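Chemist: You'll find my_file-v8.txt just under this line, and it carries compact mmCIF, C-alpha atoms and all ligand atoms.
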```txt
# COMPACT_ATOMS: atom_id res chain seq x y z
CA MET A 1 24.72 -4.94 -20.10
CA ASN A 2 22.93 -8.02 -21.30
CA ASN A 3 20.05 -8.30 -18.86
CA ARG A 4 18.32 -11.23 -20.54
CA LEU A 5 18.54 -14.74 -19.15
CA SER A 6 17.80 -17.68 -21.38
CA GLU A 7 14.64 -19.64 -20.67
CA ALA A 8 16.65 -22.85 -20.38
CA SER A 9 18.93 -21.41 -17.71
CA ILE A 10 15.98 -20.03 -15.74
CA ARG A 11 14.31 -23.43 -15.82
CA SER A 12 17.38 -25.38 -14.81
CA ALA A 13 18.16 -22.96 -11.97
CA TYR A 14 14.59 -23.42 -10.80
CA GLU A 15 14.91 -27.21 -10.85
CA ALA A 16 18.02 -26.98 -8.67
CA ALA A 17 16.30 -24.55 -6.30
CA ARG A 18 13.24 -26.79 -6.09
CA GLU A 19 15.43 -29.66 -4.99
CA ARG A 20 17.26 -27.51 -2.48
CA TYR A 21 14.04 -26.26 -0.88
CA ALA A 22 12.61 -29.79 -0.92
CA GLN A 23 15.47 -30.81 1.39
CA PHE A 24 13.89 -28.49 3.92
CA GLY A 25 10.42 -29.85 3.24
CA VAL A 26 9.30 -26.84 1.20
CA ASP A 27 7.34 -27.38 -2.02
CA THR A 28 8.25 -24.49 -4.34
CA ASP A 29 5.47 -25.26 -6.84
CA LYS A 30 2.87 -24.90 -4.10
CA VAL A 31 4.55 -21.72 -2.91
CA LEU A 32 4.26 -20.20 -6.38
CA ASP A 33 0.58 -21.16 -6.58
CA ARG A 34 0.04 -19.23 -3.36
CA LEU A 35 2.14 -16.25 -4.43
CA ARG A 36 0.18 -15.93 -7.65
CA GLU A 37 -3.05 -15.44 -5.69
CA VAL A 38 -1.83 -12.46 -3.67
CA SER A 39 -2.91 -9.11 -5.09
CA LEU A 40 -1.12 -5.95 -4.12
CA SER A 41 -2.93 -2.63 -4.18
CA LEU A 42 -0.83 -0.25 -6.26
CA HIS A 43 -1.14 3.38 -5.20
CA CYS A 44 -2.17 5.60 -8.11
CA TRP A 45 -0.39 8.59 -6.55
CA GLN A 46 3.15 7.42 -7.38
CA GLY A 47 2.43 8.29 -11.03
CA ASP A 48 1.99 12.03 -10.54
CA ASP A 49 3.59 12.90 -7.18
CA VAL A 50 0.21 12.96 -5.38
CA SER A 51 -0.99 15.87 -7.55
CA GLY A 52 -4.40 14.52 -8.57
CA PHE A 53 -6.63 16.25 -11.11
CA GLU A 54 -8.51 18.72 -8.93
CA ASN A 55 -5.73 21.30 -8.82
CA PRO A 56 -2.62 19.65 -10.28
CA GLU A 57 -0.57 22.84 -10.04
CA GLY A 58 -1.45 23.31 -6.36
CA GLU A 59 0.91 22.53 -3.55
CA LEU A 60 0.97 19.11 -1.93
CA GLY A 61 -0.34 19.60 1.60
CA GLY A 62 -0.66 17.45 4.67
CA GLY A 63 3.01 17.38 5.61
CA ILE A 64 3.96 14.87 2.95
CA ALA A 65 6.41 15.65 0.16
CA ALA A 66 7.39 14.24 -3.22
CA THR A 67 10.83 15.58 -4.07
CA GLY A 68 12.54 15.45 -7.46
CA ASN A 69 11.73 16.60 -10.96
CA TYR A 70 12.26 13.53 -13.10
CA PRO A 71 10.53 14.11 -16.43
CA GLY A 72 7.42 12.28 -17.54
CA LYS A 73 4.94 12.82 -14.74
CA ALA A 74 1.38 11.90 -15.73
CA ARG A 75 -0.71 15.05 -16.27
CA ASN A 76 -4.16 13.59 -16.58
CA ALA A 77 -6.12 10.40 -16.02
CA ASP A 78 -5.43 8.94 -19.45
CA GLU A 79 -1.70 9.36 -19.02
CA LEU A 80 -1.86 7.91 -15.52
CA ARG A 81 -3.82 4.89 -16.72
CA SER A 82 -1.43 4.38 -19.60
CA ASP A 83 1.53 4.47 -17.17
CA LEU A 84 -0.24 2.06 -14.85
CA ASP A 85 -0.88 -0.34 -17.73
CA ILE A 86 2.87 -0.53 -18.33
CA ALA A 87 3.57 -1.07 -14.63
CA TYR A 88 1.01 -3.87 -14.27
CA ARG A 89 2.48 -5.60 -17.32
CA LEU A 90 5.85 -5.77 -15.57
CA ILE A 91 4.60 -7.11 -12.24
CA PRO A 92 3.71 -10.81 -12.08
CA GLY A 93 0.16 -11.63 -11.01
CA ARG A 94 -3.06 -9.64 -10.90
CA HIS A 95 -3.24 -6.50 -8.86
CA ARG A 96 -5.55 -3.85 -7.51
CA LEU A 97 -5.44 -0.08 -7.82
CA ASN A 98 -5.67 2.24 -4.85
CA LEU A 99 -7.28 5.56 -5.80
CA HIS A 100 -7.45 8.84 -3.92
CA ALA A 101 -10.46 11.15 -4.14
CA ILE A 102 -8.43 13.86 -5.96
CA TYR A 103 -8.19 11.50 -8.93
CA ALA A 104 -11.86 12.11 -9.77
CA GLU A 105 -12.64 13.00 -13.37
CA THR A 106 -15.14 15.82 -13.34
CA GLY A 107 -15.02 16.94 -16.98
CA GLY A 108 -13.37 20.23 -16.22
CA GLN A 109 -16.02 21.24 -13.65
CA ARG A 110 -15.04 21.95 -10.07
CA VAL A 111 -16.86 19.39 -7.96
CA GLU A 112 -16.33 19.93 -4.25
CA ARG A 113 -14.98 16.96 -2.37
CA ASP A 114 -18.11 16.58 -0.28
CA ALA A 115 -20.11 16.28 -3.51
CA LEU A 116 -18.04 13.54 -5.14
CA ARG A 117 -20.02 10.58 -6.41
CA PRO A 118 -19.25 7.23 -8.01
CA GLU A 119 -19.92 8.66 -11.49
CA HIS A 120 -16.86 10.88 -11.12
CA PHE A 121 -14.85 7.67 -11.15
CA SER A 122 -16.70 5.89 -13.94
CA ALA A 123 -13.71 6.00 -16.31
CA TRP A 124 -11.56 4.41 -13.61
CA LEU A 125 -14.23 1.79 -13.06
CA ASP A 126 -14.46 0.97 -16.77
CA TRP A 127 -10.70 0.73 -17.00
CA ALA A 128 -10.61 -1.49 -13.89
CA LYS A 129 -13.26 -3.80 -15.34
CA THR A 130 -11.56 -4.07 -18.70
CA ASN A 131 -8.17 -4.81 -17.20
CA GLY A 132 -9.21 -7.01 -14.28
CA HIS A 133 -8.14 -4.68 -11.47
CA ALA A 134 -10.16 -4.34 -8.29
CA LEU A 135 -10.18 -0.90 -6.63
CA ASP A 136 -9.45 0.56 -3.21
CA PHE A 137 -10.14 4.12 -2.17
CA ASN A 138 -9.09 7.04 0.06
CA PRO A 139 -10.65 10.33 0.99
CA THR A 140 -8.20 13.18 0.30
CA CYS A 141 -8.08 15.30 3.46
CA PHE A 142 -5.15 17.48 2.37
CA SER A 143 -4.07 19.75 -0.51
CA HIS A 144 -7.19 21.89 -0.06
CA GLU A 145 -7.97 25.33 1.33
CA LYS A 146 -10.14 23.74 4.00
CA ALA A 147 -7.10 21.78 5.20
CA ALA A 148 -4.81 24.80 5.28
CA SER A 149 -5.13 25.21 9.06
CA GLY A 150 -3.63 21.76 9.50
CA PHE A 151 -6.90 20.39 10.88
CA THR A 152 -9.64 18.48 9.06
CA LEU A 153 -11.75 15.86 10.87
CA SER A 154 -10.52 17.20 14.20
CA SER A 155 -11.01 20.86 13.34
CA SER A 156 -12.64 23.04 15.96
CA ASP A 157 -14.21 25.01 13.12
CA GLU A 158 -17.54 23.24 12.78
CA GLY A 159 -17.93 24.17 9.10
CA VAL A 160 -14.52 22.74 8.26
CA ARG A 161 -15.08 19.58 10.29
CA ARG A 162 -18.49 19.00 8.67
CA PHE A 163 -17.00 19.45 5.22
CA TRP A 164 -14.44 16.72 5.82
CA VAL A 165 -16.99 14.44 7.49
CA ASN A 166 -19.18 14.79 4.42
CA HIS A 167 -16.21 14.16 2.15
CA CYS A 168 -15.44 10.91 3.99
CA ILE A 169 -19.10 9.86 3.86
CA ALA A 170 -19.08 10.48 0.10
CA CYS A 171 -15.91 8.40 -0.20
CA ARG A 172 -17.34 5.39 1.60
CA LYS A 173 -20.22 5.40 -0.89
CA ILE A 174 -17.76 5.50 -3.76
CA GLY A 175 -15.92 2.58 -2.17
CA GLU A 176 -19.21 0.71 -1.87
CA ALA A 177 -19.96 1.36 -5.55
CA PHE A 178 -16.50 0.07 -6.52
CA GLY A 179 -16.96 -3.07 -4.45
CA LYS A 180 -20.37 -3.77 -5.93
CA ALA A 181 -19.39 -3.11 -9.52
CA LEU A 182 -16.19 -5.14 -9.42
CA GLY A 183 -17.29 -7.98 -7.15
CA SER A 184 -14.30 -7.37 -4.87
CA THR A 185 -14.39 -5.59 -1.53
CA CYS A 186 -12.98 -2.08 -1.62
CA VAL A 187 -10.95 -0.90 1.35
CA THR A 188 -11.55 2.80 2.02
CA ASN A 189 -8.75 4.15 4.15
CA ILE A 190 -8.91 7.37 6.14
CA TRP A 191 -5.70 9.23 6.75
CA ILE A 192 -5.73 12.83 7.99
CA PRO A 193 -2.75 15.11 8.55
CA ASP A 194 -4.14 16.82 11.66
CA GLY A 195 -1.61 17.83 14.27
CA TYR A 196 0.61 20.53 15.71
CA LYS A 197 4.11 21.63 14.82
CA ASP A 198 4.78 22.67 18.38
CA VAL A 199 3.87 21.54 21.87
CA PRO A 200 0.10 21.55 22.25
CA ALA A 201 -1.75 22.80 25.30
CA ASP A 202 -4.66 20.48 24.63
CA ARG A 203 -4.16 17.02 23.21
CA LYS A 204 -7.61 15.86 24.22
CA THR A 205 -10.08 18.11 22.41
CA PRO A 206 -8.87 17.37 18.86
CA ARG A 207 -9.06 13.66 19.63
CA ALA A 208 -12.59 14.04 20.98
CA LEU A 209 -13.52 15.81 17.74
CA LEU A 210 -11.85 13.12 15.64
CA GLU A 211 -13.74 10.40 17.48
CA LYS A 212 -16.99 12.24 16.91
CA SER A 213 -16.23 12.81 13.22
CA LEU A 214 -15.33 9.17 12.64
CA ASP A 215 -18.51 8.02 14.36
CA GLU A 216 -20.52 10.33 12.11
CA ILE A 217 -18.69 9.03 9.04
CA LEU A 218 -19.30 5.39 9.97
CA ALA A 219 -22.89 5.88 11.16
CA GLU A 220 -24.33 4.39 8.00
CA LYS A 221 -23.70 0.68 7.82
CA ILE A 222 -22.30 -0.49 4.52
CA ASP A 223 -22.28 -4.14 3.52
CA ARG A 224 -18.81 -5.50 4.34
CA ARG A 225 -18.81 -7.43 1.09
CA TYR A 226 -18.55 -4.11 -0.76
CA ASN A 227 -16.63 -1.74 1.46
CA LEU A 228 -14.35 -2.03 4.46
CA ASP A 229 -13.23 1.02 6.43
CA ALA A 230 -9.70 1.55 7.67
CA VAL A 231 -7.96 4.24 9.74
CA GLU A 232 -4.27 5.08 9.38
CA PRO A 233 -2.16 6.34 12.28
CA LYS A 234 1.07 8.29 11.97
CA LEU A 235 3.79 9.29 14.38
CA PHE A 236 4.55 12.71 12.89
CA GLY A 237 4.52 14.66 9.66
CA ILE A 238 6.25 17.76 8.34
CA GLY A 239 4.57 20.52 10.32
CA SER A 240 3.03 18.11 12.82
CA GLU A 241 6.21 17.10 14.61
CA SER A 242 4.95 17.56 18.17
CA TYR A 243 1.48 16.08 18.03
CA VAL A 244 -0.61 14.01 15.64
CA VAL A 245 -4.28 13.64 16.52
CA GLY A 246 -4.63 10.26 14.82
CA SER A 247 -1.81 8.51 16.63
CA HIS A 248 -1.26 4.77 16.77
CA GLU A 249 -2.90 4.28 20.17
CA PHE A 250 -5.87 6.44 19.20
CA TYR A 251 -6.64 4.53 16.02
CA LEU A 252 -5.85 1.12 17.45
CA GLY A 253 -8.45 1.72 20.14
CA TYR A 254 -10.84 3.19 17.61
CA ALA A 255 -10.49 0.32 15.13
CA VAL A 256 -10.93 -2.31 17.84
CA THR A 257 -14.03 -0.75 19.40
CA ARG A 258 -15.71 0.00 16.04
CA ASP A 259 -14.72 -3.25 14.38
CA ILE A 260 -13.01 -1.62 11.42
CA LEU A 261 -9.57 -2.11 9.88
CA LEU A 262 -6.34 -0.64 11.16
CA THR A 263 -3.80 0.53 8.62
CA LEU A 264 -0.14 0.02 9.38
CA ASP A 265 2.07 2.23 7.24
CA THR A 266 5.64 1.05 7.61
CA GLY A 267 6.91 4.65 7.45
CA HIS A 268 4.74 5.85 10.32
CA PHE A 269 6.56 4.64 13.42
CA HIS A 270 9.73 5.27 15.36
CA PRO A 271 12.63 4.06 13.21
CA THR A 272 13.63 1.28 15.59
CA GLU A 273 10.09 0.09 16.14
CA SER A 274 9.21 -3.14 14.34
CA VAL A 275 6.01 -2.91 12.31
CA ALA A 276 6.34 -6.64 11.68
CA ASP A 277 5.82 -7.24 15.40
CA LYS A 278 2.53 -5.34 15.28
CA ILE A 279 0.93 -7.80 12.85
CA SER A 280 0.18 -10.63 15.25
CA ALA A 281 -0.28 -8.22 18.18
CA THR A 282 -3.06 -6.27 16.48
CA LEU A 283 -4.69 -9.19 14.67
CA PHE A 284 -5.87 -10.58 17.99
CA PHE A 285 -8.13 -7.55 18.24
CA VAL A 286 -8.89 -6.31 14.73
CA LYS A 287 -10.29 -8.67 12.11
CA GLU A 288 -8.20 -7.34 9.27
CA LEU A 289 -5.30 -5.02 8.59
CA LEU A 290 -4.36 -2.82 5.69
CA LEU A 291 -0.65 -2.48 5.11
CA HIS A 292 0.86 0.60 3.51
CA VAL A 293 4.18 -0.83 2.49
CA SER A 294 6.56 2.08 2.39
CA ARG A 295 10.06 2.99 3.55
CA GLY A 296 10.94 5.64 6.05
CA VAL A 297 14.27 7.43 5.64
CA ARG A 298 15.10 10.13 8.20
CA TRP A 299 12.08 12.46 8.18
CA ASP A 300 10.50 11.05 5.04
CA SER A 301 8.00 8.25 5.41
CA ASP A 302 7.59 7.51 1.73
CA HIS A 303 10.71 6.28 -0.06
CA VAL A 304 10.40 3.57 -2.71
CA VAL A 305 10.13 0.14 -1.14
CA ILE A 306 13.22 -2.06 -1.32
CA LEU A 307 13.91 -5.64 -0.27
CA SER A 308 15.11 -4.66 3.20
CA ASP A 309 15.27 -6.73 6.36
CA GLU A 310 12.22 -4.79 7.60
CA LEU A 311 10.21 -5.73 4.53
CA GLN A 312 11.26 -9.36 4.86
CA SER A 313 10.28 -9.46 8.54
CA LEU A 314 6.94 -7.88 7.71
CA MET A 315 6.08 -10.51 5.13
CA GLN A 316 7.42 -13.27 7.36
CA GLU A 317 4.95 -12.23 10.03
CA VAL A 318 2.06 -12.15 7.56
CA VAL A 319 2.93 -15.63 6.34
CA ARG A 320 3.95 -17.22 9.64
CA GLY A 321 0.71 -16.15 11.26
CA ASP A 322 -1.26 -17.48 8.29
CA TYR A 323 -2.72 -14.01 7.89
CA LEU A 324 -2.75 -13.61 4.11
CA GLU A 325 -6.56 -13.62 4.09
CA ARG A 326 -6.73 -10.95 6.78
CA VAL A 327 -4.03 -8.58 5.60
CA HIS A 328 -4.60 -6.30 2.61
CA ILE A 329 -1.27 -5.33 1.13
CA GLY A 330 -1.09 -1.85 -0.35
CA LEU A 331 1.92 0.21 -1.39
CA ASP A 332 2.40 3.82 -0.36
CA TYR A 333 5.39 5.88 -1.44
CA PHE A 334 6.16 8.62 -3.90
CA ASP A 335 9.44 9.46 -5.53
CA ALA A 336 9.70 12.14 -8.19
CA SER A 337 13.44 11.68 -8.70
CA ILE A 338 13.34 8.47 -10.75
CA ASN A 339 11.12 7.11 -13.50
CA ARG A 340 7.71 6.89 -11.85
CA VAL A 341 6.63 3.69 -13.60
CA ALA A 342 9.87 2.05 -12.51
CA ALA A 343 9.17 3.19 -8.94
CA TRP A 344 5.90 1.26 -8.96
CA VAL A 345 7.48 -1.81 -10.52
CA ILE A 346 10.54 -1.90 -8.26
CA GLY A 347 8.52 -1.49 -5.05
CA ALA A 348 5.85 -3.98 -6.08
CA ARG A 349 8.34 -6.60 -7.23
CA SER A 350 10.37 -6.23 -4.06
CA THR A 351 7.23 -6.66 -1.98
CA GLN A 352 6.42 -9.82 -3.90
CA ARG A 353 9.96 -11.10 -3.48
CA ALA A 354 9.77 -10.57 0.26
CA LEU A 355 6.49 -12.43 0.29
CA LEU A 356 7.99 -15.22 -1.77
CA MET A 357 10.95 -15.53 0.60
CA ALA A 358 8.54 -15.74 3.50
CA LEU A 359 6.50 -18.44 1.77
CA LEU A 360 9.70 -20.39 1.09
CA GLU A 361 10.66 -20.44 4.74
CA PRO A 362 10.76 -23.92 6.35
CA SER A 363 8.54 -22.65 9.13
CA HIS A 364 7.67 -26.12 10.47
CA LEU A 365 11.36 -26.79 11.15
CA LEU A 366 11.98 -23.38 12.71
CA ARG A 367 8.98 -23.80 14.97
CA LYS A 368 10.04 -27.29 15.95
CA TYR A 369 13.44 -26.02 17.06
CA GLU A 370 11.80 -23.19 18.93
CA GLN A 371 9.40 -25.46 20.76
CA GLU A 372 12.23 -27.77 21.71
CA GLY A 373 14.14 -24.82 23.09
CA ASP A 374 16.89 -25.40 20.55
CA TYR A 375 17.53 -21.75 19.76
CA THR A 376 20.96 -22.58 18.40
CA SER A 377 19.47 -24.59 15.55
CA ARG A 378 16.77 -21.97 15.03
CA LEU A 379 19.38 -19.27 14.51
CA ALA A 380 21.56 -21.46 12.32
CA LEU A 381 18.64 -22.38 10.08
CA LEU A 382 17.36 -18.81 9.85
CA GLU A 383 20.79 -17.73 8.66
CA GLU A 384 20.98 -20.59 6.16
CA VAL A 385 17.56 -19.83 4.74
CA ARG A 386 18.40 -16.19 4.06
CA ALA A 387 20.75 -17.15 1.27
CA LEU A 388 18.90 -20.10 -0.26
CA PRO A 389 18.22 -19.57 -3.98
CA SER A 390 14.92 -17.71 -3.75
CA SER A 391 16.05 -15.65 -6.75
CA ALA A 392 15.89 -18.71 -8.97
CA VAL A 393 12.32 -19.33 -7.81
CA TRP A 394 11.42 -15.67 -8.39
CA GLU A 395 12.92 -15.65 -11.88
CA TYR A 396 11.03 -18.80 -12.80
CA PHE A 397 7.85 -17.21 -11.45
CA CYS A 398 8.39 -14.16 -13.65
CA LEU A 399 9.05 -16.40 -16.64
CA VAL A 400 5.86 -18.46 -16.24
CA GLN A 401 3.85 -15.33 -15.48
CA SER A 402 5.14 -13.83 -18.74
CA VAL A 403 6.77 -10.78 -17.22
CA PRO A 404 10.40 -9.76 -17.73
CA VAL A 405 12.96 -11.59 -15.61
CA GLY A 406 15.50 -9.62 -13.59
CA THR A 407 16.16 -6.04 -14.62
CA ALA A 408 14.87 -6.75 -18.13
CA PHE A 409 11.72 -4.88 -17.08
CA LEU A 410 13.81 -1.74 -17.48
CA ASP A 411 13.99 -2.23 -21.23
CA ASP A 412 10.23 -1.83 -21.52
CA ILE A 413 10.24 1.18 -19.22
CA LYS A 414 13.07 2.88 -21.10
CA SER A 415 11.37 2.45 -24.45
CA TYR A 416 8.07 3.70 -23.02
CA GLU A 417 9.87 6.61 -21.47
CA LYS A 418 11.44 7.50 -24.79
CA ALA A 419 8.30 7.01 -26.86
CA VAL A 420 5.78 8.54 -24.45
CA MET A 421 6.89 9.98 -21.13
CA LEU A 422 9.64 12.30 -22.37
CA HIS A 423 7.19 14.02 -24.71
CA ARG A 424 5.01 15.28 -21.90
C1 LIG A 501 0.65 9.87 4.68
C2 LIG A 501 -0.04 8.56 4.63
C3 LIG A 501 -1.07 8.44 3.53
C4 LIG A 501 -0.63 9.07 2.23
C5 LIG A 501 -1.57 8.85 1.10
C6 LIG A 501 -1.27 9.73 -0.07
O1 LIG A 501 1.72 9.86 5.53
O2 LIG A 501 0.87 7.54 4.53
O3 LIG A 501 -1.40 7.11 3.38
O4 LIG A 501 0.64 8.64 1.85
O5 LIG A 501 -2.84 8.98 1.54
ZN ZN A 502 0.16 5.56 4.17
```
Could you rewrite the structure in this file as structure tokens?

Modeler:
Amino acid sequence: MNNRLSEASIRSAYEAARERYAQFGVDTDKVLDRLREVSLSLHCWQGDDVSGFENPEGELGGGIAATGNYPGKARNADELRSDLDIAYRLIPGRHRLNLHAIYAETGGQRVERDALRPEHFSAWLDWAKTNGHALDFNPTCFSHEKAASGFTLSSSDEGVRRFWVNHCIACRKIGEAFGKALGSTCVTNIWIPDGYKDVPADRKTPRALLEKSLDEILAEKIDRRYNLDAVEPKLFGIGSESYVVGSHEFYLGYAVTRDILLTLDTGHFHPTESVADKISATLFFVKELLLHVSRGVRWDSDHVVILSDELQSLMQEVVRGDYLERVHIGLDYFDASINRVAAWVIGARSTQRALLMALLEPSHLLRKYEQEGDYTSRLALLEEVRALPSSAVWEYFCLVQSVPVGTAFLDDIKSYEKAVMLHR
């Protein structure tokens, strides 16, 4: 297959697309200026199936699962950074990195999670500075003997609960250090797996404990310029099918009353529920949102993101509500059955394409029809817009951003795979 397009054909297709969108009053040059400014937060954990460096051979806990055994998984921080460098080179624009606490580099020493400090991430920080990536962060409240009971921040064992509270406190300080050092606010997101496989007798007590733990974690005020806190609800996990302590209602109420961020993971709701619809609903009450762009399939909440209708609706809502400044866009999925660098690139590029399509929407016209009660024209235009040549605009964007156009990014990944990944 020849997957290379000539520069001349990309440019002429763009000119035609520009004219086409101009007929609807949309300025594609302006749209691309806006798209270029949006940073995604790439999740480090796609590169090694959420193993981390604390106990890479250990089992992944928390009711999440990375299935597959595609070769080339990163085994240490240098390999992970090298893989990330390839991924970032194939994604147009400038992007952030989302780290988890288990990606600390402790020089072969066991450092307990409640004792983690910014210096355990100094290599990540240096790399981020050198390569122009800002950082986001997450406490890791799973894959640990103190999480084996299935309860962390809501544990009724005071020692266990304290441990995880202290871990989260340590993580906020690491987030603060990242934000200060890089001059870009770090979002520190708390997700815990706590819940029951089977019907609980007491849904209240674990939630009371979680509320108490979160209040203890957030007791110290941290300058919002450096660190923002977020909490991430989930409907169910493997082994927590009947009850999850940190449910959507719990965290929505918590985020609103404590003035912190709510995280919406697109894999964490009932399959027919629209996460897109939650954007404007929640943003009346929380200042900012963190998105975990993911894809639920059956029981798995973490398939590689594709350019689905759901993803397009999500980005439409972000754009239509003029929320780009209030919505942090992170990715969250893990697939061990395909090339892991490609998984990052495919999901990130599809997210950007959905965003681009949303920015290209003639929203003024659609709104006009809606206000006039002309729902017939609204529907007709929405259908027309779906198939306008956004691909030509995307390909031109890739060209001017000096990243491969179309599936040509695969060439780079295949040669990297051959030269580096397959030797691991
Ligand atoms: C799990 C949550 C959480 C994790 C990461 C690894 O269902 O989505 O965000 O995926 O913390
Ligand atoms: Zn998530």

Chemist: Would you write out, as CSV, a table of all residues in chain A that have an atom no more than 6 Å from an atom of ligand ZN 502 (chain A), listing for each the closest atom pair and the distance in Å to one decimal, considering only C-alpha atoms and all ligand atoms and ordering rows by chain and rising residue number?

Modeler:
```
residue,atom,partner,partner_atom,distance
A:Asp265,CA,A:ZN502,ZN,4.9
A:His292,CA,A:ZN502,ZN,5.1
A:Asp332,CA,A:ZN502,ZN,5.3
```

Chemist: Calculate how many Å separate atom CA of Pro139 of chain A from atom CA of Asp114 of chain A, rounding to one decimal.

Modeler: 9.8 Å

Chemist: Select, from A:Ser402, A:Asn55, A:Asn189, A:Ser240, the residue with the minimum atom-to-atom distance to His144 of chain A, counting only C-alpha atoms.

Modeler: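 The shortest atom-to-atom distance to His144 of chain A comes from A:Asn55.
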
Chemist: Return as a list of chain:residue names the residues of protein, DNA or RNA that approach ligand LIG 501 (chain A) to within 8 Å, with all atoms listed in the file taken into account.

Modeler: A:Trp45, A:Val50, A:Gly62, A:Gly63, A:Ile64, A:His100, A:Asn138, A:Pro139, A:Thr140, A:Asn189, A:Ile190, A:Trp191, A:Ile192, A:Pro193, A:Glu232, A:Lys234, A:Gly237, A:Asp265, A:Gly267, A:His268, A:His292, A:Ser301, A:Asp302, A:Asp332, A:Tyr333, A:Phe334

Chemist: Choose the residue, out of A:Ala358, A:Ala419, A:Gly183, A:Tyr375, that has the smallest atom-to-atom separation from Leu35 of chain A; count only C-alpha atoms.

Modeler: A:Ala358

Chemist: Env of Asp194 of chain A: 7 Å cut, atoms = only C-alpha atoms, seq-sep filter 5 positions within chain, self excluded. Answer as JSON, numbers by chain.

Modeler: {"A": [150, 151, 152, 154, 244, 245]}

Chemist: Just checking: using all atoms listed in the file, which residue out of A:Tyr254, A:Tyr396, A:Phe24, A:Phe269 ends up closest to Gly296 of chain A?

Modeler: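 Among the listed residues, A:Phe269 lies closest to Gly296 of chain A.
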
Chemist: At what distance in Å, to one decimal, does atom CA of Leu235 of chain A lie from atom CA of Leu214 of chain A?

Modeler: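 Interatomic distance here is 19.2 Å.
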
Chemist: Taking 3 positions as the minimum chain separation for residues in the same chain, which residues sit within 8 Å of Arg203 of chain A when counting only C-alpha atoms? Answer as a ChimeraX atom specification.

Modeler: /A:200,206-207,243,245

Chemist: Which of these, A:Leu210, A:Leu355, A:Ala392, A:Leu218, has the shortest distance to Phe250 of chain A once you count all atoms listed in the file?

Modeler: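 Nearest candidate to Phe250 of chain A out of A:Leu210, A:Leu355, A:Ala392, A:Leu218: A:Leu210.
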
Chemist: What does the distance from atom CA of Ala134 of chain A to atom CA of Arg89 of chain A come to in Å, to one decimal?

Modeler: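 If I compute the distance from atom CA of Ala134 of chain A to atom CA of Arg89 of chain A, I get 15.6 Å.
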
Chemist: Need to verify the contact set: Pro404 of chain A, 12 Å, only C-alpha atoms, exclusion of same-chain residues closer than 5 positions in sequence. Can you return it as a PyMOL selection string?

Modeler: chain A and resi 3-7+10+86-92+345+349+394-399+409-413
